[in-house]
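Visitor: Provided below: input.cif, containing mmCIF, C-alpha atoms (C1' of nucleotides).
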```cif
data_run
#
loop_
_atom_site.label_atom_id
_atom_site.label_comp_id
_atom_site.auth_asym_id
_atom_site.auth_seq_id
_atom_site.Cartn_x
_atom_site.Cartn_y
_atom_site.Cartn_z
CA MET P 19 8.57 -5.01 8.18
CA ALA P 20 6.61 -6.19 5.23
CA LEU P 21 9.33 -6.40 2.64
CA ARG P 22 11.39 -9.02 4.40
CA HIS P 23 8.34 -11.21 4.76
CA ALA P 24 7.57 -10.85 1.08
CA VAL P 25 11.16 -11.79 0.31
CA MET P 26 10.91 -14.90 2.47
CA ALA P 27 7.65 -15.82 0.77
CA ALA P 28 9.32 -15.47 -2.60
CA LEU P 29 12.30 -17.58 -1.53
CA LEU P 30 9.98 -20.46 -0.65
CA GLU P 31 9.83 -21.16 -4.39
CA GLY P 32 13.58 -21.65 -4.41
CA GLU P 33 16.77 -19.65 -4.49
CA ALA P 34 16.88 -16.36 -6.29
CA SER P 35 19.20 -13.43 -6.90
CA GLY P 36 18.39 -9.88 -5.97
CA TYR P 37 17.90 -9.22 -9.63
CA ASP P 38 15.43 -12.07 -9.97
CA LEU P 39 13.43 -10.75 -7.06
CA ALA P 40 13.52 -7.20 -8.41
CA LYS P 41 12.19 -8.36 -11.76
CA GLY P 42 9.16 -9.94 -10.25
CA PHE P 43 10.63 -13.42 -9.97
CA ASP P 44 7.33 -15.10 -9.56
CA ALA P 45 4.32 -13.17 -10.77
CA SER P 46 2.16 -14.42 -7.95
CA VAL P 47 4.51 -12.84 -5.42
CA ALA P 48 4.59 -9.64 -7.40
CA ASN P 49 0.92 -9.34 -6.53
CA PHE P 50 1.47 -8.28 -3.02
CA TRP P 51 4.68 -6.35 -3.28
CA MET P 52 6.81 -4.46 -5.70
CA THR P 53 9.77 -2.33 -4.94
CA ALA P 54 12.87 -0.72 -6.35
CA PRO P 55 15.97 -2.91 -6.62
CA GLN P 56 18.02 -0.86 -4.17
CA GLN P 57 15.60 -1.59 -1.39
CA LEU P 58 15.78 -5.27 -2.11
CA TYR P 59 19.56 -5.49 -2.09
CA ARG P 60 19.68 -3.56 1.14
CA GLU P 61 17.08 -5.79 2.74
CA LEU P 62 18.78 -8.92 1.45
CA ASP P 63 22.05 -7.76 3.02
CA ARG P 64 20.32 -7.17 6.32
CA MET P 65 18.59 -10.53 6.20
CA GLU P 66 21.86 -12.25 5.42
CA ARG P 67 23.55 -10.54 8.38
CA GLU P 68 20.69 -11.72 10.58
CA GLY P 69 21.06 -15.25 9.31
CA LEU P 70 17.62 -15.56 7.77
CA ILE P 71 19.00 -16.21 4.31
CA ALA P 72 22.29 -17.46 2.93
CA ALA P 73 24.01 -16.49 -0.30
CA ARG P 74 25.79 -18.66 -2.81
CA VAL P 75 27.90 -16.95 -5.45
CA VAL P 76 27.40 -18.26 -8.95
CA GLU P 77 30.18 -17.37 -11.35
CA GLN P 78 28.91 -16.69 -14.80
CA GLU P 79 30.58 -16.32 -18.14
CA ARG P 80 29.70 -13.31 -20.25
CA ARG P 81 27.43 -12.11 -17.40
CA PRO P 82 28.22 -10.51 -14.06
CA ASN P 83 28.44 -13.04 -11.24
CA LYS P 84 25.38 -13.26 -9.10
CA ARG P 85 24.53 -14.18 -5.55
CA LEU P 86 21.70 -16.64 -5.17
CA PHE P 87 19.87 -16.40 -1.88
CA SER P 88 17.96 -19.11 -0.11
CA LEU P 89 16.23 -19.44 3.23
CA THR P 90 18.22 -20.84 6.13
CA GLU P 91 16.65 -22.96 8.85
CA ALA P 92 16.32 -19.79 10.92
CA GLY P 93 14.64 -18.15 7.96
CA MET P 94 12.18 -21.00 7.64
CA SER P 95 11.32 -20.74 11.33
CA ALA P 96 10.80 -17.02 10.90
CA VAL P 97 8.41 -17.69 8.01
CA ARG P 98 6.43 -20.14 10.09
CA ALA P 99 6.32 -17.79 13.06
CA TYR P 100 5.22 -14.93 10.87
CA ALA P 101 2.51 -16.92 9.09
CA ALA P 102 1.08 -18.04 12.41
CA GLU P 103 0.94 -14.66 14.14
CA PRO P 104 -2.39 -12.82 14.02
CA SER P 105 -2.46 -10.02 11.47
CA GLY P 106 -3.49 -6.54 12.40
CA LYS P 107 -5.99 -4.35 10.68
CA PRO P 108 -6.16 -4.54 6.91
CA THR P 109 -4.44 -1.92 4.84
CA ALA P 110 -6.26 0.47 2.55
CA ILE P 111 -5.87 0.18 -1.21
CA ARG P 112 -3.68 3.28 -1.26
CA ASP P 113 -3.74 3.96 -4.94
CA ASP P 114 -2.91 7.27 -6.60
CA LEU P 115 -5.55 6.73 -9.22
CA LEU P 116 -8.33 6.62 -6.64
CA VAL P 117 -7.17 9.91 -5.18
CA LYS P 118 -7.30 11.44 -8.64
CA VAL P 119 -10.75 10.06 -9.33
CA HIS P 120 -11.90 11.40 -6.00
CA CYS P 121 -10.73 14.85 -7.08
CA ALA P 122 -11.94 14.55 -10.66
CA ASP P 123 -14.87 16.93 -10.22
CA VAL P 124 -12.71 19.92 -9.43
CA GLY P 125 -10.02 19.13 -11.97
CA ASP P 126 -9.50 18.03 -15.52
CA ILE P 127 -11.99 15.22 -16.05
CA GLU P 128 -10.47 14.26 -19.39
CA ALA P 129 -7.06 13.82 -17.80
CA VAL P 130 -8.55 11.60 -15.13
CA ARG P 131 -10.36 9.55 -17.74
CA ALA P 132 -7.06 9.11 -19.56
CA ALA P 133 -5.46 7.92 -16.33
CA ILE P 134 -8.24 5.37 -15.86
CA THR P 135 -7.83 4.13 -19.42
CA GLU P 136 -4.10 3.80 -18.85
CA ARG P 137 -4.67 1.83 -15.68
CA MET P 138 -7.10 -0.46 -17.46
CA LYS P 139 -4.44 -1.28 -20.01
CA TRP P 140 -2.07 -2.23 -17.20
CA ALA P 141 -4.75 -4.30 -15.56
CA ALA P 142 -5.53 -6.16 -18.77
CA ALA P 143 -1.86 -6.93 -19.34
CA LYS P 144 -1.38 -8.13 -15.78
CA LEU P 145 -4.49 -10.25 -15.96
CA ALA P 146 -3.26 -11.89 -19.16
CA ARG P 147 0.05 -12.72 -17.48
CA TYR P 148 -1.74 -14.15 -14.47
CA GLU P 149 -3.97 -16.27 -16.69
CA ARG P 150 -0.99 -17.68 -18.49
CA LEU P 151 0.59 -18.51 -15.15
CA GLN P 152 -2.62 -20.15 -14.01
CA ASP P 153 -2.77 -22.32 -17.14
CA HIS P 154 0.84 -23.22 -16.55
CA LEU P 155 0.12 -24.28 -12.98
CA LEU P 156 -3.09 -26.17 -13.71
CA LYS P 157 -1.73 -27.93 -16.79
CA GLY P 158 -5.25 -28.77 -17.93
CA ARG P 159 -6.37 -30.07 -14.56
CA THR P 160 -9.31 -28.62 -12.71
CA GLU P 161 -8.70 -26.44 -9.69
CA ASP P 162 -9.72 -29.28 -7.39
CA GLU P 163 -7.36 -31.73 -9.03
CA TYR P 164 -4.54 -29.23 -8.82
CA CYS P 165 -5.13 -28.61 -5.14
CA ALA P 166 -5.20 -32.31 -4.42
CA GLN P 167 -1.91 -32.94 -6.20
CA ALA P 168 0.16 -29.79 -5.87
CA GLU P 169 2.86 -29.38 -3.32
CA ARG P 170 1.71 -25.89 -2.39
CA VAL P 171 -1.58 -24.05 -2.76
CA GLY P 172 -0.52 -20.73 -1.24
CA PRO P 173 0.91 -19.27 -4.42
CA TYR P 174 -2.16 -20.35 -6.33
CA LEU P 175 -4.45 -18.62 -3.86
CA THR P 176 -2.51 -15.37 -3.99
CA LEU P 177 -2.59 -15.62 -7.76
CA LEU P 178 -6.37 -15.89 -7.62
CA ARG P 179 -6.50 -12.77 -5.46
CA GLY P 180 -4.39 -10.86 -7.93
CA MET P 181 -6.57 -11.95 -10.81
CA ALA P 182 -9.74 -10.91 -9.02
CA PHE P 183 -8.16 -7.55 -8.24
CA GLU P 184 -7.27 -6.85 -11.84
CA ARG P 185 -10.63 -7.98 -13.14
CA GLU P 186 -12.22 -5.64 -10.64
CA ASN P 187 -9.99 -2.83 -11.87
CA LEU P 188 -11.23 -3.40 -15.40
CA GLN P 189 -14.89 -3.54 -14.47
CA TRP P 190 -14.73 -0.55 -12.21
CA GLY P 191 -12.74 1.35 -14.82
CA GLU P 192 -15.51 0.91 -17.34
CA THR P 193 -18.14 2.17 -14.94
CA ALA P 194 -15.97 5.12 -13.95
CA LEU P 195 -15.28 6.06 -17.56
CA ARG P 196 -18.95 5.88 -18.40
CA LEU P 197 -20.12 8.00 -15.50
CA LEU P 198 -17.37 10.56 -15.99
CA GLU P 199 -18.15 10.83 -19.69
CA ARG P 200 -21.65 12.05 -18.89
CA ARG P 201 -20.08 14.83 -16.90
CA THR P 202 -17.99 16.09 -19.77
CA THR P 203 -20.75 15.89 -22.36
CA ALA P 204 -23.22 17.49 -19.95
CA THR P 205 -20.87 20.45 -19.39
CA MET K 26 3.91 12.00 -1.33
CA ALA K 27 0.62 10.21 -1.20
CA LEU K 28 -0.69 11.26 2.18
CA ARG K 29 -0.85 14.93 1.38
CA HIS K 30 -2.86 14.23 -1.74
CA ALA K 31 -5.26 12.07 0.20
CA VAL K 32 -5.63 14.90 2.71
CA MET K 33 -6.39 17.37 -0.03
CA ALA K 34 -8.94 14.97 -1.51
CA ALA K 35 -10.59 14.69 1.87
CA LEU K 36 -10.66 18.45 2.35
CA LEU K 37 -12.60 18.86 -0.89
CA GLU K 38 -15.67 17.76 1.11
CA GLY K 39 -15.18 20.72 3.41
CA GLU K 40 -13.09 21.78 6.37
CA ALA K 41 -12.00 19.21 8.90
CA SER K 42 -9.85 18.91 11.98
CA GLY K 43 -6.92 16.55 12.29
CA TYR K 44 -9.07 14.47 14.53
CA ASP K 45 -11.86 14.27 11.96
CA LEU K 46 -9.42 13.12 9.32
CA ALA K 47 -7.85 10.59 11.65
CA LYS K 48 -11.23 9.07 12.42
CA GLY K 49 -11.95 8.43 8.80
CA PHE K 50 -13.90 11.64 8.22
CA ASP K 51 -15.49 10.42 5.04
CA ALA K 52 -15.62 6.67 4.58
CA SER K 53 -15.07 6.95 0.85
CA VAL K 54 -11.73 8.67 1.44
CA ALA K 55 -10.80 6.04 4.00
CA ASN K 56 -10.81 3.60 1.09
CA PHE K 57 -7.57 4.72 -0.30
CA TRP K 58 -5.69 5.74 2.75
CA MET K 59 -5.53 5.15 6.45
CA THR K 60 -2.90 6.30 8.82
CA ALA K 61 -2.09 6.99 12.44
CA PRO K 62 -3.10 10.39 13.82
CA GLN K 63 0.45 11.51 14.48
CA GLN K 64 1.31 11.26 10.84
CA LEU K 65 -1.68 13.35 9.92
CA TYR K 66 -0.95 16.14 12.33
CA ARG K 67 2.63 16.22 11.13
CA GLU K 68 1.54 16.38 7.51
CA LEU K 69 -1.12 18.99 8.23
CA ASP K 70 1.52 21.19 9.86
CA ARG K 71 3.78 20.84 6.86
CA MET K 72 0.96 21.60 4.46
CA GLU K 73 -0.02 24.65 6.44
CA ARG K 74 3.56 25.93 6.37
CA GLU K 75 3.58 25.43 2.62
CA GLY K 76 0.33 27.36 2.26
CA LEU K 77 -1.72 24.52 0.83
CA ILE K 78 -4.19 24.60 3.66
CA ALA K 79 -5.26 27.15 6.23
CA ALA K 80 -6.38 26.59 9.80
CA ARG K 81 -9.18 28.22 11.69
CA VAL K 82 -9.29 27.74 15.45
CA VAL K 83 -12.70 26.87 16.82
CA GLU K 84 -13.07 27.44 20.53
CA GLN K 85 -15.23 24.85 22.17
CA GLU K 86 -16.82 24.62 25.56
CA ARG K 87 -16.31 21.43 27.54
CA ARG K 88 -14.07 20.16 24.71
CA PRO K 89 -10.53 20.98 23.71
CA ASN K 90 -10.34 23.67 21.04
CA LYS K 91 -9.78 22.40 17.57
CA ARG K 92 -8.21 23.62 14.38
CA LEU K 93 -10.32 23.24 11.29
CA PHE K 94 -8.33 23.01 8.08
CA SER K 95 -9.47 23.93 4.62
CA LEU K 96 -7.83 24.17 1.22
CA THR K 97 -6.40 27.51 0.19
CA GLU K 98 -6.39 28.68 -3.39
CA ALA K 99 -2.86 27.32 -3.70
CA GLY K 100 -4.12 24.03 -2.30
CA MET K 101 -6.89 23.89 -4.86
CA SER K 102 -4.41 24.54 -7.66
CA ALA K 103 -2.24 21.77 -6.28
CA VAL K 104 -5.19 19.38 -6.31
CA ARG K 105 -5.98 20.26 -9.90
CA ALA K 106 -2.36 19.90 -10.94
CA TYR K 107 -2.06 16.58 -9.18
CA ALA K 108 -5.28 15.18 -10.67
CA ALA K 109 -4.15 16.12 -14.15
CA GLU K 110 -0.64 14.69 -14.03
CA PRO K 111 -0.18 11.20 -15.46
CA SER K 112 0.07 8.52 -12.82
CA GLY K 113 2.94 6.10 -12.74
CA LYS K 114 2.78 2.38 -12.46
CA PRO K 115 0.06 0.93 -10.29
CA THR K 116 0.91 -0.17 -6.79
CA ALA K 117 0.68 -3.75 -5.61
CA ILE K 118 -1.95 -4.78 -3.08
CA ARG K 119 0.73 -5.09 -0.39
CA ASP K 120 -1.27 -6.97 2.17
CA ASP K 121 0.13 -8.98 5.07
CA LEU K 122 -2.60 -11.54 4.74
CA LEU K 123 -1.56 -12.41 1.20
CA VAL K 124 2.01 -13.00 2.32
CA LYS K 125 0.75 -15.34 5.01
CA VAL K 126 -1.47 -17.23 2.60
CA HIS K 127 1.46 -17.53 0.24
CA CYS K 128 3.43 -19.16 3.04
CA ALA K 129 0.56 -21.23 4.36
CA ASP K 130 1.86 -24.54 3.03
CA VAL K 131 5.01 -24.48 5.14
CA GLY K 132 3.35 -23.09 8.25
CA ASP K 133 0.32 -23.46 10.43
CA ILE K 134 -2.59 -23.75 8.02
CA GLU K 135 -5.18 -23.40 10.76
CA ALA K 136 -3.65 -20.12 11.88
CA VAL K 137 -3.76 -18.82 8.33
CA ARG K 138 -7.37 -19.90 7.97
CA ALA K 139 -8.16 -18.02 11.17
CA ALA K 140 -6.49 -14.92 9.74
CA ILE K 141 -8.60 -15.20 6.59
CA THR K 142 -11.77 -15.54 8.65
CA GLU K 143 -10.78 -12.51 10.66
CA ARG K 144 -10.20 -10.52 7.50
CA MET K 145 -13.54 -11.57 6.12
CA LYS K 146 -15.25 -10.18 9.20
CA TRP K 147 -13.50 -6.88 8.64
CA ALA K 148 -14.48 -6.91 4.99
CA ALA K 149 -18.12 -7.61 5.79
CA ALA K 150 -18.23 -4.78 8.30
CA LYS K 151 -16.59 -2.35 5.90
CA LEU K 152 -18.90 -3.37 3.11
CA ALA K 153 -21.93 -2.77 5.32
CA ARG K 154 -20.67 0.71 6.13
CA TYR K 155 -20.08 1.46 2.48
CA GLU K 156 -23.54 0.26 1.57
CA ARG K 157 -25.10 2.51 4.16
CA LEU K 158 -23.10 5.40 2.78
CA GLN K 159 -24.21 4.55 -0.74
CA ASP K 160 -27.87 4.50 0.30
CA HIS K 161 -27.32 7.83 2.00
CA LEU K 162 -25.84 9.31 -1.17
CA LEU K 163 -28.38 7.88 -3.59
CA LYS K 164 -31.40 8.67 -1.41
CA GLY K 165 -33.53 6.23 -3.37
CA ARG K 166 -32.45 7.52 -6.75
CA THR K 167 -30.83 5.31 -9.33
CA GLU K 168 -27.14 5.64 -9.99
CA ASP K 169 -27.83 7.47 -13.23
CA GLU K 170 -30.15 9.95 -11.56
CA TYR K 171 -27.59 10.55 -8.85
CA CYS K 172 -24.82 11.18 -11.32
CA ALA K 173 -26.98 13.61 -13.26
CA GLN K 174 -27.88 15.62 -10.17
CA ALA K 175 -24.97 15.35 -7.78
CA GLU K 176 -22.35 18.03 -7.44
CA ARG K 177 -19.52 15.51 -7.44
CA VAL K 178 -19.22 11.96 -8.69
CA GLY K 179 -15.59 11.31 -7.66
CA PRO K 180 -16.40 10.25 -4.11
CA TYR K 181 -19.13 7.97 -5.39
CA LEU K 182 -16.74 6.27 -7.80
CA THR K 183 -14.11 5.68 -5.15
CA LEU K 184 -16.81 4.32 -2.92
CA LEU K 185 -17.75 1.84 -5.64
CA ARG K 186 -14.12 0.75 -5.90
CA GLY K 187 -13.95 0.18 -2.17
CA MET K 188 -17.13 -1.85 -2.22
CA ALA K 189 -15.90 -4.02 -5.07
CA PHE K 190 -12.65 -4.57 -3.20
CA GLU K 191 -14.35 -5.75 -0.04
CA ARG K 192 -16.78 -7.97 -1.90
CA GLU K 193 -13.80 -9.50 -3.64
CA ASN K 194 -12.13 -10.05 -0.29
CA LEU K 195 -15.17 -11.96 0.90
CA GLN K 196 -15.47 -14.11 -2.19
CA TRP K 197 -11.79 -14.90 -2.37
CA GLY K 198 -11.74 -15.62 1.35
CA GLU K 199 -14.37 -18.29 0.92
CA THR K 200 -12.45 -19.96 -1.86
CA ALA K 201 -9.22 -19.78 0.09
CA LEU K 202 -10.82 -21.25 3.21
CA ARG K 203 -12.33 -24.09 1.21
CA LEU K 204 -9.13 -25.03 -0.59
CA LEU K 205 -7.04 -24.79 2.56
CA GLU K 206 -9.49 -26.93 4.47
CA ARG K 207 -8.88 -29.82 2.11
CA ARG K 208 -5.23 -29.59 2.97
CA THR K 209 -5.78 -29.95 6.67
CA THR K 210 -8.27 -32.78 6.39
CA ALA K 211 -6.06 -34.54 3.84
CA THR K 212 -3.06 -34.38 6.19
"C1'" DT F 3 30.05 1.17 -35.15
"C1'" DG F 4 27.28 3.13 -32.34
"C1'" DC F 5 23.17 3.18 -29.62
"C1'" DA F 6 20.06 1.36 -26.67
"C1'" DC F 7 18.81 -2.25 -23.69
"C1'" DC F 8 19.79 -6.40 -20.51
"C1'" DT F 9 22.14 -8.46 -16.49
"C1'" DA F 10 23.57 -7.56 -11.80
"C1'" DT F 11 24.58 -4.62 -8.37
"C1'" DT F 12 26.02 -0.54 -5.41
"C1'" DC F 13 26.17 4.32 -3.22
"C1'" DA F 14 24.13 8.29 -1.34
"C1'" DA F 15 20.51 11.05 0.33
"C1'" DT F 16 15.99 12.25 1.34
"C1'" DT F 17 11.22 11.70 2.42
"C1'" DA F 18 7.39 9.04 4.01
"C1'" DA F 19 5.49 6.04 7.19
"C1'" DG F 20 4.97 3.40 11.37
"C1'" DT F 21 5.41 2.68 16.68
"C1'" DG F 22 4.69 3.78 21.31
"C1'" DA F 23 3.68 6.60 24.60
"C1'" DG F 24 1.74 10.81 26.87
"C1'" DT F 25 -1.37 15.04 28.04
"C1'" DA F 26 -5.59 17.12 29.49
"C1'" DA F 27 -10.41 17.84 30.21
"C1'" DG F 28 -15.28 16.17 30.22
"C1'" DG F 29 -18.83 12.36 30.20
"C1'" DG F 30 -21.08 8.06 31.48
"C1'" DG F 31 -21.82 3.79 33.99
"C1'" DG F 32 -21.43 0.55 37.79
"C1'" DC R 28 -15.70 7.48 43.42
"C1'" DC R 29 -13.11 5.12 40.19
"C1'" DC R 30 -12.28 3.68 35.70
"C1'" DC R 31 -12.62 3.78 31.10
"C1'" DC R 32 -14.14 6.17 26.79
"C1'" DT R 33 -14.12 10.25 23.82
"C1'" DT R 34 -12.22 14.52 21.97
"C1'" DA R 35 -8.11 16.75 20.46
"C1'" DC R 36 -3.56 16.81 19.99
"C1'" DT R 37 1.84 16.34 20.84
"C1'" DC R 38 6.72 14.34 21.35
"C1'" DA R 39 10.23 11.23 20.32
"C1'" DC R 40 12.11 7.48 17.88
"C1'" DT R 41 12.64 3.90 14.39
"C1'" DT R 42 12.00 1.72 10.08
"C1'" DA R 43 10.53 1.60 5.32
"C1'" DA R 44 10.28 3.56 0.83
"C1'" DT R 45 11.43 6.73 -2.83
"C1'" DT R 46 14.69 9.18 -5.88
"C1'" DG R 47 18.58 9.73 -8.67
"C1'" DA R 48 22.71 8.26 -9.82
"C1'" DA R 49 26.67 5.32 -11.34
"C1'" DT R 50 29.35 0.98 -12.86
"C1'" DA R 51 30.51 -2.49 -16.21
"C1'" DG R 52 30.56 -6.13 -19.53
"C1'" DG R 53 27.39 -8.39 -23.06
"C1'" DT R 54 23.70 -8.65 -26.66
"C1'" DG R 55 20.95 -7.39 -30.65
"C1'" DC R 56 19.94 -4.72 -34.71
"C1'" DA R 57 20.30 -1.57 -38.30
#
```
Turn this file's structure into structure tokens for me.

Guide:
Amino acid sequence: MALRHAVMAALLEGEASGYDLAKGFDASVANFWMTAPQQLYRELDRMEREGLIAARVVEQERRPNKRLFSLTEAGMSAVRAYAAEPSGKPTAIRDDLLVKVHCADVGDIEAVRAAITERMKWAAAKLARYERLQDHLLKGRTEDEYCAQAERVGPYLTLLRGMAFERENLQWGETALRLLERRTTAT
Amino acid sequence: MALRHAVMAALLEGEASGYDLAKGFDASVANFWMTAPQQLYRELDRMEREGLIAARVVEQERRPNKRLFSLTEAGMSAVRAYAAEPSGKPTAIRDDLLVKVHCADVGDIEAVRAAITERMKWAAAKLARYERLQDHLLKGRTEDEYCAQAERVGPYLTLLRGMAFERENLQWGETALRLLERRTTAT
DNA sequence: TGCACCTATTCAATTAAGTGAGTAAGGGGG
DNA sequence: CCCCCTTACTCACTTAATTGAATAGGTGCA
């Protein structure tokens, strides 16, 4: 049950509709999960039935009405309980691209290089978004000032992790492209 | 269908039993997937039925017999086809620890810090294993020499990605611990 | 004016993944 | 001698995730 915890984490920033959550809502939450809308709506329904979240219907003109969800007291307790419990073993990266790179030698190296390039574009775009969000959070302050003043540091820390991950993707991508290029020119 | 591709990637190194695969088999494959044995055996059965892999029973003394799997021609074609197809959008990190850190501000900060410390121990251990494997692969050669001589570079590249990931975990963990500590002492 | 895209959600079905326990034989240490 | 660890695998069950639609009004632009 990872999705419901991610949803609760997202709802700590305030109420949100299923659509908001599906769209990423807050980029720093989108770091550690991403899923199709259908899954979200289903999970939100379940969580509502279990009393972890409550919905408030907002009638809108010239837009479909929406249901804004927020954490109940029970939901908040669940968050606290979850955050305090010891976590199990870490998960693997589980990325399609790595599988392809692993198999590159027996397949089409050029296709794999294209996939890496594609991924690097994604990473660069994500990193740019994260950097904008960071600027927005810091508002010119240093990291230390921010952490002294801000209400919450959690989202900032997860943002940092996401940024490091994408930077690593870019750096590794360059190395991988370079080493794979030798293979094609050598052959 | 990620697991079956990971299995095929692992079998490129040579034949292996379900048990071998479950134990990690090759550390560089263990970077991008990890799963319970039951899942593996189930998937191996399916793949065998579909003709992607073939089993060879090895009778052992003072040990249960085992079935060694290897890629068939069809399996190899499937690997090549998979490696050449364009990959979709990248997956999120999807890590429990990040969710907890995100929620740290409303929960037990000390518990979250403990979880980070725990994770850092894991990361350090994994990194050490990867470094040993790297030394083993390079055998004193430089990276460039290795890539010129080695039969395959894919596994080396995925190994590099895993190493970067764990190093990043360690670095980020330190930052996170430091910033969260201020919170506890301030309160 | 027509086409494609945005908001906001729902239905249906399938496949993948995770959880928990159990079997069976040999080996090693206190 | 008992207990736990390792090899090697199996059964049963539950939950999570993916896939492919469909609905339905509004917005922008060419």

Visitor: For CA of Tyr148 (chain P) and CA of Met181 (chain P), quote the distance in Å rounded to one decimal.

Guide: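 CA of Met181 (chain P) lies 6.4 Å from CA of Tyr148 (chain P).
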
Visitor: Please write as a CSV table (one decimal) with C-alpha atoms, keeping the file's coordinate frame the full residue list that the PyMOL selection byres ((chain K) within 12 of (chain F)) yields on this file.

Guide:
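What landed in result.csv:
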```csv
chain,number,residue,atom,x,y,z
K,26,MET,CA,3.9,12.0,-1.3
K,27,ALA,CA,0.6,10.2,-1.2
K,28,LEU,CA,-0.7,11.3,2.2
K,29,ARG,CA,-0.8,14.9,1.4
K,59,MET,CA,-5.5,5.2,6.4
K,60,THR,CA,-2.9,6.3,8.8
K,61,ALA,CA,-2.1,7.0,12.4
K,62,PRO,CA,-3.1,10.4,13.8
K,63,GLN,CA,0.4,11.5,14.5
K,64,GLN,CA,1.3,11.3,10.8
K,65,LEU,CA,-1.7,13.4,9.9
K,67,ARG,CA,2.6,16.2,11.1
K,68,GLU,CA,1.5,16.4,7.5
K,85,GLN,CA,-15.2,24.8,22.2
K,86,GLU,CA,-16.8,24.6,25.6
K,87,ARG,CA,-16.3,21.4,27.5
K,88,ARG,CA,-14.1,20.2,24.7
K,89,PRO,CA,-10.5,21.0,23.7
K,90,ASN,CA,-10.3,23.7,21.0
```

Visitor: Select residues of chain R: the criterion is any atom within 10 Å of an atom of chain P, counting only C-alpha atoms (C1' of nucleotides); output as a list in words.

Guide: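 Result: DT42, DA43, DA44, DT45, DA51, DG52, DG53 and DT54 of chain R.
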
Visitor: When the cut-off is 6 Å and we count only C-alpha atoms, which residues of chain P are near chain K, given as an MDAnalysis selection string?

Guide: chainID P and resid 27 49:51 98 101:102 110:112 118:123 125:126 129 170 172:173

Visitor: Quote the spacing between CA of Ser42 (chain K) and CA of Arg92 (chain K) in Å to one decimal place.

Guide: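 Separation of CA of Ser42 (chain K) and CA of Arg92 (chain K): 5.5 Å.
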
Visitor: What does the distance from CA of Glu91 (chain P) to CA of Leu70 (chain P) come to in Å, to one decimal?

Guide: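 So the two atoms, CA of Glu91 (chain P) and CA of Leu70 (chain P), lie 7.5 Å apart.
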
Visitor: Neighbouring residues of Arg81 (chain K) were defined as those with any atom within 9 Å, considering all atoms listed in the file; residues of the same chain fewer than 5 positions away were excluded. Please report them as a ChimeraX atom specification.

Guide: /K:91-95

Visitor: With C-alpha atoms retained, could you export that selection as a PDB file, in the frame of the given file?

Guide:
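As written to disk, selection34.pdb reads:
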```
ATOM      1  CA  LYS K  91      -9.780  22.400  17.570  1.00  0.00           C
ATOM      2  CA  ARG K  92      -8.210  23.620  14.380  1.00  0.00           C
ATOM      3  CA  LEU K  93     -10.320  23.240  11.290  1.00  0.00           C
ATOM      4  CA  PHE K  94      -8.330  23.010   8.080  1.00  0.00           C
ATOM      5  CA  SER K  95      -9.470  23.930   4.620  1.00  0.00           C
TER       6      SER K  95
END
```

Visitor: Find the spatial neighbours of Thr90 (chain P), counting all atoms listed in the file, within a cut-off of 6 Å - ignore same-chain residues fewer than 2 positions away - and output them as JSON, numbers by chain.

Guide: {"P": [70, 71, 92, 93]}
